[in-house]
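> Enclosed is the structure file entry_24.pdb (PDB, C-alpha atoms).
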```pdb
ATOM      1  CA  MET A   1      13.592 -25.457  26.794
ATOM      2  CA  PRO A   2      13.367 -27.432  23.524
ATOM      3  CA  ALA A   3      14.596 -25.765  20.333
ATOM      4  CA  TRP A   4      11.269 -26.223  18.535
ATOM      5  CA  LEU A   5       9.536 -24.237  21.270
ATOM      6  CA  ILE A   6      12.047 -21.387  20.929
ATOM      7  CA  TRP A   7      11.421 -21.287  17.172
ATOM      8  CA  ALA A   8       7.643 -21.375  17.747
ATOM      9  CA  ILE A   9       7.861 -18.464  20.187
ATOM     10  CA  ALA A  10      10.002 -16.561  17.673
ATOM     11  CA  ALA A  11       7.382 -17.231  14.973
ATOM     12  CA  VAL A  12       4.582 -15.921  17.206
ATOM     13  CA  LEU A  13       6.559 -12.799  18.132
ATOM     14  CA  LEU A  14       7.424 -12.136  14.473
ATOM     15  CA  SER A  15       3.759 -12.597  13.527
ATOM     16  CA  LEU A  16       2.700 -10.119  16.194
ATOM     17  CA  GLY A  17       5.322  -7.698  14.890
ATOM     18  CA  GLU A  18       3.861  -8.092  11.401
ATOM     19  CA  ILE A  19       0.394  -7.259  12.697
ATOM     20  CA  PHE A  20       1.639  -4.036  14.273
ATOM     21  CA  THR A  21       3.590  -2.897  11.178
ATOM     22  CA  PRO A  22       0.879  -2.756   8.488
ATOM     23  CA  GLY A  23       2.001  -2.454   4.893
ATOM     24  CA  LEU A  24       5.599  -3.492   5.530
ATOM     25  CA  PHE A  25       5.102  -7.270   5.098
ATOM     26  CA  PHE A  26       8.594  -8.269   6.140
ATOM     27  CA  LEU A  27       8.183  -9.987   9.498
ATOM     28  CA  GLY A  28       5.422 -12.318   8.274
ATOM     29  CA  PRO A  29       7.605 -14.170   5.769
ATOM     30  CA  VAL A  30      10.378 -14.444   8.365
ATOM     31  CA  ALA A  31       7.815 -15.885  10.806
ATOM     32  CA  LEU A  32       7.071 -18.603   8.232
ATOM     33  CA  ALA A  33      10.771 -19.407   8.118
ATOM     34  CA  ALA A  34      10.771 -19.698  11.920
ATOM     35  CA  VAL A  35       7.903 -22.203  11.657
ATOM     36  CA  ALA A  36       9.958 -24.228   9.168
ATOM     37  CA  ALA A  37      12.935 -24.164  11.553
ATOM     38  CA  ALA A  38      10.633 -25.282  14.390
ATOM     39  CA  LEU A  39       9.502 -28.264  12.314
ATOM     40  CA  VAL A  40      13.103 -29.185  11.567
ATOM     41  CA  ALA A  41      13.946 -28.882  15.285
ATOM     42  CA  LEU A  42      10.942 -31.055  16.145
ATOM     43  CA  PHE A  43      12.498 -33.880  14.118
ATOM     44  CA  GLY A  44      15.682 -33.587  16.159
ATOM     45  CA  VAL A  45      17.944 -32.030  13.534
ATOM     46  CA  GLY A  46      20.929 -30.042  14.837
ATOM     47  CA  VAL A  47      21.128 -26.307  15.483
ATOM     48  CA  VAL A  48      23.229 -25.607  12.382
ATOM     49  CA  ALA A  49      20.623 -27.217  10.117
ATOM     50  CA  GLN A  50      17.867 -25.290  11.918
ATOM     51  CA  LEU A  51      19.686 -22.012  11.304
ATOM     52  CA  LEU A  52      20.277 -22.904   7.654
ATOM     53  CA  VAL A  53      16.571 -23.713   7.202
ATOM     54  CA  PHE A  54      15.635 -20.454   8.926
ATOM     55  CA  ILE A  55      18.024 -18.352   6.807
ATOM     56  CA  ALA A  56      17.094 -20.058   3.524
ATOM     57  CA  GLY A  57      13.385 -19.902   4.401
ATOM     58  CA  SER A  58      13.639 -16.220   5.310
ATOM     59  CA  ILE A  59      15.344 -15.336   2.051
ATOM     60  CA  ALA A  60      12.957 -17.441  -0.034
ATOM     61  CA  THR A  61       9.772 -16.178   1.572
ATOM     62  CA  VAL A  62      10.854 -12.539   1.512
ATOM     63  CA  LEU A  63      11.922 -12.773  -2.145
ATOM     64  CA  PHE A  64       8.800 -14.619  -3.335
ATOM     65  CA  LEU A  65       5.935 -13.745  -0.978
ATOM     66  CA  ARG A  66       6.680 -10.088  -0.271
ATOM     67  CA  PRO A  67       6.289  -8.887  -3.897
ATOM     68  CA  ILE A  68       2.985 -10.765  -4.167
ATOM     69  CA  ALA A  69       1.714  -9.252  -0.937
ATOM     70  CA  LYS A  70       2.839  -5.740  -1.934
ATOM     71  CA  ARG A  71       0.882  -6.021  -5.205
ATOM     72  CA  HIS A  72      -2.256  -6.931  -3.273
ATOM     73  CA  LEU A  73      -1.937  -4.025  -0.839
ATOM     74  CA  HIS A  74      -2.930  -1.468  -3.471
ATOM     75  CA  MET A  75      -6.617  -1.608  -4.261
ATOM     76  CA  PRO A  76      -7.358  -1.580  -7.996
ATOM     77  CA  ALA A  77      -9.259   1.425  -9.317
ATOM     78  CA  ALA A  78     -12.259  -0.738 -10.199
ATOM     79  CA  LEU A  79     -12.743  -1.696  -6.550
ATOM     80  CA  ARG A  80     -12.390   1.785  -5.065
ATOM     81  CA  THR A  81     -15.490   3.481  -3.741
ATOM     82  CA  GLY A  82     -16.442   6.946  -2.581
ATOM     83  CA  THR A  83     -14.042   9.786  -3.245
ATOM     84  CA  ALA A  84     -11.157   7.334  -3.729
ATOM     85  CA  ALA A  85     -12.902   6.141  -6.908
ATOM     86  CA  LEU A  86     -12.671   9.660  -8.359
ATOM     87  CA  GLU A  87      -8.882   9.862  -8.116
ATOM     88  CA  GLY A  88      -7.371   9.426 -11.558
ATOM     89  CA  THR A  89     -10.587  10.276 -13.417
ATOM     90  CA  LYS A  90     -10.937  13.074 -15.952
ATOM     91  CA  ALA A  91     -12.815  16.291 -15.318
ATOM     92  CA  VAL A  92     -13.780  19.359 -17.352
ATOM     93  CA  VAL A  93     -13.090  22.825 -15.993
ATOM     94  CA  LEU A  94     -16.295  24.898 -15.692
ATOM     95  CA  GLN A  95     -14.859  27.986 -13.980
ATOM     96  CA  ARG A  96     -11.211  28.974 -13.963
ATOM     97  CA  VAL A  97      -9.260  26.739 -11.538
ATOM     98  CA  ASP A  98      -6.155  28.000  -9.768
ATOM     99  CA  ALA A  99      -4.589  27.611  -6.312
ATOM    100  CA  ASN A 100      -7.497  29.552  -4.760
ATOM    101  CA  GLY A 101     -10.374  27.597  -6.273
ATOM    102  CA  GLY A 102     -12.667  27.016  -9.227
ATOM    103  CA  ARG A 103     -15.282  24.525 -10.476
ATOM    104  CA  VAL A 104     -15.016  21.286 -12.452
ATOM    105  CA  ARG A 105     -17.436  18.644 -13.706
ATOM    106  CA  ILE A 106     -16.500  15.095 -12.725
ATOM    107  CA  GLY A 107     -18.811  12.649 -14.459
ATOM    108  CA  GLY A 108     -22.216  14.303 -14.062
ATOM    109  CA  GLU A 109     -21.430  16.208 -10.876
ATOM    110  CA  GLU A 110     -20.084  19.696 -10.304
ATOM    111  CA  TRP A 111     -17.242  19.954  -7.782
ATOM    112  CA  SER A 112     -15.250  22.754  -6.239
ATOM    113  CA  ALA A 113     -11.640  22.429  -7.311
ATOM    114  CA  ARG A 114      -8.145  23.728  -6.769
ATOM    115  CA  SER A 115      -5.047  23.324  -8.836
ATOM    116  CA  TYR A 116      -2.789  20.557  -7.522
ATOM    117  CA  MET A 117       0.273  22.569  -8.528
ATOM    118  CA  GLU A 118      -0.069  26.060  -7.062
ATOM    119  CA  ASP A 119       1.399  27.796 -10.104
ATOM    120  CA  GLN A 120      -0.967  26.141 -12.636
ATOM    121  CA  VAL A 121      -4.129  27.805 -13.934
ATOM    122  CA  HIS A 122      -6.788  25.857 -15.833
ATOM    123  CA  GLU A 123      -9.220  27.738 -18.060
ATOM    124  CA  PRO A 124     -12.863  26.704 -18.728
ATOM    125  CA  GLY A 125     -13.199  23.809 -21.163
ATOM    126  CA  THR A 126      -9.821  22.303 -20.271
ATOM    127  CA  ARG A 127      -9.726  18.574 -19.514
ATOM    128  CA  VAL A 128      -7.891  17.860 -16.293
ATOM    129  CA  GLU A 129      -7.159  14.820 -14.132
ATOM    130  CA  VAL A 130      -8.357  14.504 -10.550
ATOM    131  CA  VAL A 131      -5.233  13.834  -8.505
ATOM    132  CA  LYS A 132      -6.745  13.897  -5.031
ATOM    133  CA  ILE A 133      -9.946  14.721  -3.177
ATOM    134  CA  GLU A 134      -9.635  16.836  -0.026
ATOM    135  CA  GLY A 135     -12.997  17.110   1.684
ATOM    136  CA  ALA A 136     -15.376  18.331  -1.024
ATOM    137  CA  THR A 137     -12.620  19.838  -3.202
ATOM    138  CA  ALA A 138     -10.969  18.105  -6.125
ATOM    139  CA  LEU A 139      -7.269  18.799  -6.644
ATOM    140  CA  VAL A 140      -6.680  18.717 -10.397
ATOM    141  CA  LEU A 141      -3.722  18.611 -12.734
ATOM    142  CA  GLU A 142      -3.563  19.121 -16.483
TER
END
```
Output the file's structure in the form of structure tokens.


Amino acid sequence: MPAWLIWAIAAVLLSLGEIFTPGLFFLGPVALAAVAAALVALFGVGVVAQLLVFIAGSIATVLFLRPIAKRHLHMPAALRTGTAALEGTKAVVLQRVDANGGRVRIGGEEWSARSYMEDQVHEPGTRVEVVKIEGATALVLE
């Protein structure tokens, strides 16, 4: 079996591994390095050079592409929709909020709320931050 074909198979397997490990973005850059090694092998360069290209390509792509991909995995607040768009916004406490419940106003809407930290109590008029939305309840933190 030719070396370029082995590298191509390795690249396909690494790509499939990347697909089945969402958010990790480690196998994809290494798959690109395998493609580079396959190209080098296609030109008839020796095994040592192929390995050096694969190792250097792996290091380079992981160091440069992975941070870029990781930054793009997190959706900016401006693009969030639904309840995800409410996380991080400010709210005003309407009825006392503790670990058992309460009411807050987020934008123009009234929401049921609970304190994010069980030991915190928020009195009416207090400005709080929406940390998370669970169902129809906002978890808030001062």

> Can you work out the spacing between atom CA of Leu24 of chain A and atom CA of Val62 of chain A in Å, to one decimal?

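So the answer is 11.2 Å.
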
> Which polymer residues have any atom within 12 Å of an atom of Glu129 of chain A, counting all atoms listed in the file, with same-chain residues fewer than 2 positions away left out, as an MDAnalysis selection string?

chainID A and resid 86:93 104:107 113:116 122 126:127 131:133 138:142

> Which residue out of A:Leu65, A:Val130, A:Glu109, A:Ser58 has the minimum interatomic distance to Ala84 of chain A when all atoms listed in the file are used?

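Selected residue with least distance to Ala84 of chain A: A:Val130.
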
> Given the choices A:Ala11, A:Ala41, A:Phe25, A:Ala49, which gets closest to His72 of chain A if the distance is worked out from only C-alpha atoms?

A:Phe25

> What is the atom CA of Ala36 of chain A-atom CA of Ala8 of chain A distance in Å, reported with one decimal?

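It comes out at 9.3 Å.
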
> Env of Leu51 of chain A: 10 Å cut, atoms = all atoms listed in the file, seq-sep filter 3 positions within chain, self excluded. Answer as a PyMOL selection string.

chain A and resi 33-34+37+40-41+46-48+54-57

> Could you check how far atom CA of Val45 of chain A sits from atom CA of Gly17 of chain A, in Å to one decimal?

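Between atom CA of Val45 of chain A and atom CA of Gly17 of chain A the gap is 27.4 Å.
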
> Neighbouring residues of Gly102 of chain A were defined as those with any atom within 7 Å, considering only C-alpha atoms; residues of the same chain fewer than 4 positions away were excluded. Please report them as a VMD selection string.

chain A and resid 95 to 98 112 to 114

> Excluding Gly28 of chain A and its own-chain neighbours fewer than 6 positions away, which residues fall within 9 Å of it when counting all atoms listed in the file? Please give them as JSON, numbers by chain.

{"A": [11, 14, 15, 16, 17, 18, 19, 61, 62, 66]}

> Tell me which of A:Ala136, A:Ala31, A:Ala38, A:Ala60 sits closest to Pro2 of chain A, counting all atoms listed in the file.

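Nearest candidate to Pro2 of chain A out of A:Ala136, A:Ala31, A:Ala38, A:Ala60: A:Ala38.
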
> For each of A:Lys70, A:Phe64, A:Leu27, A:Val53, take the minimum atom-to-atom distance to Leu39 of chain A, counting all atoms listed in the file, then give the residue where this is smallest.

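With all atoms listed in the file as the atom set, the closest residue is A:Val53.
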
> Please supply segment 94-120 of chain A, rebuilt with N, CA and C atoms, as a PDB file, in the frame of the given file.


```
ATOM      1  N   LEU A  94     -15.117  24.062 -15.434  1.00  0.00           N
ATOM      2  CA  LEU A  94     -16.295  24.898 -15.692  1.00  0.00           C
ATOM      3  C   LEU A  94     -15.991  26.372 -15.428  1.00  0.00           C
ATOM      4  N   GLN A  95     -15.310  26.635 -14.325  1.00  0.00           N
ATOM      5  CA  GLN A  95     -14.859  27.986 -13.980  1.00  0.00           C
ATOM      6  C   GLN A  95     -13.361  27.893 -13.738  1.00  0.00           C
ATOM      7  N   ARG A  96     -12.669  28.943 -14.081  1.00  0.00           N
ATOM      8  CA  ARG A  96     -11.211  28.974 -13.963  1.00  0.00           C
ATOM      9  C   ARG A  96     -10.754  28.355 -12.630  1.00  0.00           C
ATOM     10  N   VAL A  97      -9.784  27.424 -12.721  1.00  0.00           N
ATOM     11  CA  VAL A  97      -9.260  26.739 -11.538  1.00  0.00           C
ATOM     12  C   VAL A  97      -7.815  27.168 -11.330  1.00  0.00           C
ATOM     13  N   ASP A  98      -7.526  27.658 -10.138  1.00  0.00           N
ATOM     14  CA  ASP A  98      -6.155  28.000  -9.768  1.00  0.00           C
ATOM     15  C   ASP A  98      -5.933  27.538  -8.331  1.00  0.00           C
ATOM     16  N   ALA A  99      -4.906  28.027  -7.680  1.00  0.00           N
ATOM     17  CA  ALA A  99      -4.589  27.611  -6.312  1.00  0.00           C
ATOM     18  C   ALA A  99      -5.656  28.037  -5.317  1.00  0.00           C
ATOM     19  N   ASN A 100      -6.474  29.046  -5.672  1.00  0.00           N
ATOM     20  CA  ASN A 100      -7.497  29.552  -4.760  1.00  0.00           C
ATOM     21  C   ASN A 100      -8.848  28.878  -4.927  1.00  0.00           C
ATOM     22  N   GLY A 101      -9.099  28.273  -6.074  1.00  0.00           N
ATOM     23  CA  GLY A 101     -10.374  27.597  -6.273  1.00  0.00           C
ATOM     24  C   GLY A 101     -10.834  27.595  -7.704  1.00  0.00           C
ATOM     25  N   GLY A 102     -12.065  27.117  -7.907  1.00  0.00           N
ATOM     26  CA  GLY A 102     -12.667  27.016  -9.227  1.00  0.00           C
ATOM     27  C   GLY A 102     -13.714  25.916  -9.201  1.00  0.00           C
ATOM     28  N   ARG A 103     -14.251  25.561 -10.375  1.00  0.00           N
ATOM     29  CA  ARG A 103     -15.282  24.525 -10.476  1.00  0.00           C
ATOM     30  C   ARG A 103     -14.947  23.588 -11.617  1.00  0.00           C
ATOM     31  N   VAL A 104     -15.198  22.296 -11.406  1.00  0.00           N
ATOM     32  CA  VAL A 104     -15.016  21.286 -12.452  1.00  0.00           C
ATOM     33  C   VAL A 104     -16.225  20.356 -12.460  1.00  0.00           C
ATOM     34  N   ARG A 105     -16.396  19.662 -13.598  1.00  0.00           N
ATOM     35  CA  ARG A 105     -17.436  18.644 -13.706  1.00  0.00           C
ATOM     36  C   ARG A 105     -16.736  17.293 -13.774  1.00  0.00           C
ATOM     37  N   ILE A 106     -17.034  16.456 -12.768  1.00  0.00           N
ATOM     38  CA  ILE A 106     -16.500  15.095 -12.725  1.00  0.00           C
ATOM     39  C   ILE A 106     -17.677  14.170 -12.961  1.00  0.00           C
ATOM     40  N   GLY A 107     -17.651  13.466 -14.092  1.00  0.00           N
ATOM     41  CA  GLY A 107     -18.811  12.649 -14.459  1.00  0.00           C
ATOM     42  C   GLY A 107     -19.986  13.577 -14.673  1.00  0.00           C
ATOM     43  N   GLY A 108     -21.060  13.416 -13.931  1.00  0.00           N
ATOM     44  CA  GLY A 108     -22.216  14.303 -14.062  1.00  0.00           C
ATOM     45  C   GLY A 108     -22.336  15.282 -12.911  1.00  0.00           C
ATOM     46  N   GLU A 109     -21.332  15.362 -12.059  1.00  0.00           N
ATOM     47  CA  GLU A 109     -21.430  16.208 -10.876  1.00  0.00           C
ATOM     48  C   GLU A 109     -20.482  17.395 -10.945  1.00  0.00           C
ATOM     49  N   GLU A 110     -20.918  18.498 -10.372  1.00  0.00           N
ATOM     50  CA  GLU A 110     -20.084  19.696 -10.304  1.00  0.00           C
ATOM     51  C   GLU A 110     -19.378  19.723  -8.950  1.00  0.00           C
ATOM     52  N   TRP A 111     -18.057  19.958  -8.989  1.00  0.00           N
ATOM     53  CA  TRP A 111     -17.242  19.954  -7.782  1.00  0.00           C
ATOM     54  C   TRP A 111     -16.465  21.248  -7.664  1.00  0.00           C
ATOM     55  N   SER A 112     -16.212  21.678  -6.436  1.00  0.00           N
ATOM     56  CA  SER A 112     -15.250  22.754  -6.239  1.00  0.00           C
ATOM     57  C   SER A 112     -13.873  22.137  -6.484  1.00  0.00           C
ATOM     58  N   ALA A 113     -12.952  22.965  -6.950  1.00  0.00           N
ATOM     59  CA  ALA A 113     -11.640  22.429  -7.311  1.00  0.00           C
ATOM     60  C   ALA A 113     -10.548  23.447  -7.025  1.00  0.00           C
ATOM     61  N   ARG A 114      -9.357  22.915  -6.872  1.00  0.00           N
ATOM     62  CA  ARG A 114      -8.145  23.728  -6.769  1.00  0.00           C
ATOM     63  C   ARG A 114      -7.094  23.065  -7.617  1.00  0.00           C
ATOM     64  N   SER A 115      -6.148  23.863  -8.063  1.00  0.00           N
ATOM     65  CA  SER A 115      -5.047  23.324  -8.836  1.00  0.00           C
ATOM     66  C   SER A 115      -4.113  22.556  -7.906  1.00  0.00           C
ATOM     67  N   TYR A 116      -3.699  21.374  -8.323  1.00  0.00           N
ATOM     68  CA  TYR A 116      -2.789  20.557  -7.522  1.00  0.00           C
ATOM     69  C   TYR A 116      -1.423  21.227  -7.408  1.00  0.00           C
ATOM     70  N   MET A 117      -0.981  21.801  -8.509  1.00  0.00           N
ATOM     71  CA  MET A 117       0.273  22.569  -8.528  1.00  0.00           C
ATOM     72  C   MET A 117      -0.114  24.035  -8.385  1.00  0.00           C
ATOM     73  N   GLU A 118       0.376  24.701  -7.376  1.00  0.00           N
ATOM     74  CA  GLU A 118      -0.069  26.060  -7.062  1.00  0.00           C
ATOM     75  C   GLU A 118       0.120  27.057  -8.192  1.00  0.00           C
ATOM     76  N   ASP A 119       1.118  26.834  -9.041  1.00  0.00           N
ATOM     77  CA  ASP A 119       1.399  27.796 -10.104  1.00  0.00           C
ATOM     78  C   ASP A 119       0.593  27.532 -11.377  1.00  0.00           C
ATOM     79  N   GLN A 120      -0.189  26.458 -11.437  1.00  0.00           N
ATOM     80  CA  GLN A 120      -0.967  26.141 -12.636  1.00  0.00           C
ATOM     81  C   GLN A 120      -2.342  26.806 -12.591  1.00  0.00           C
TER      82      GLN A 120
END
```
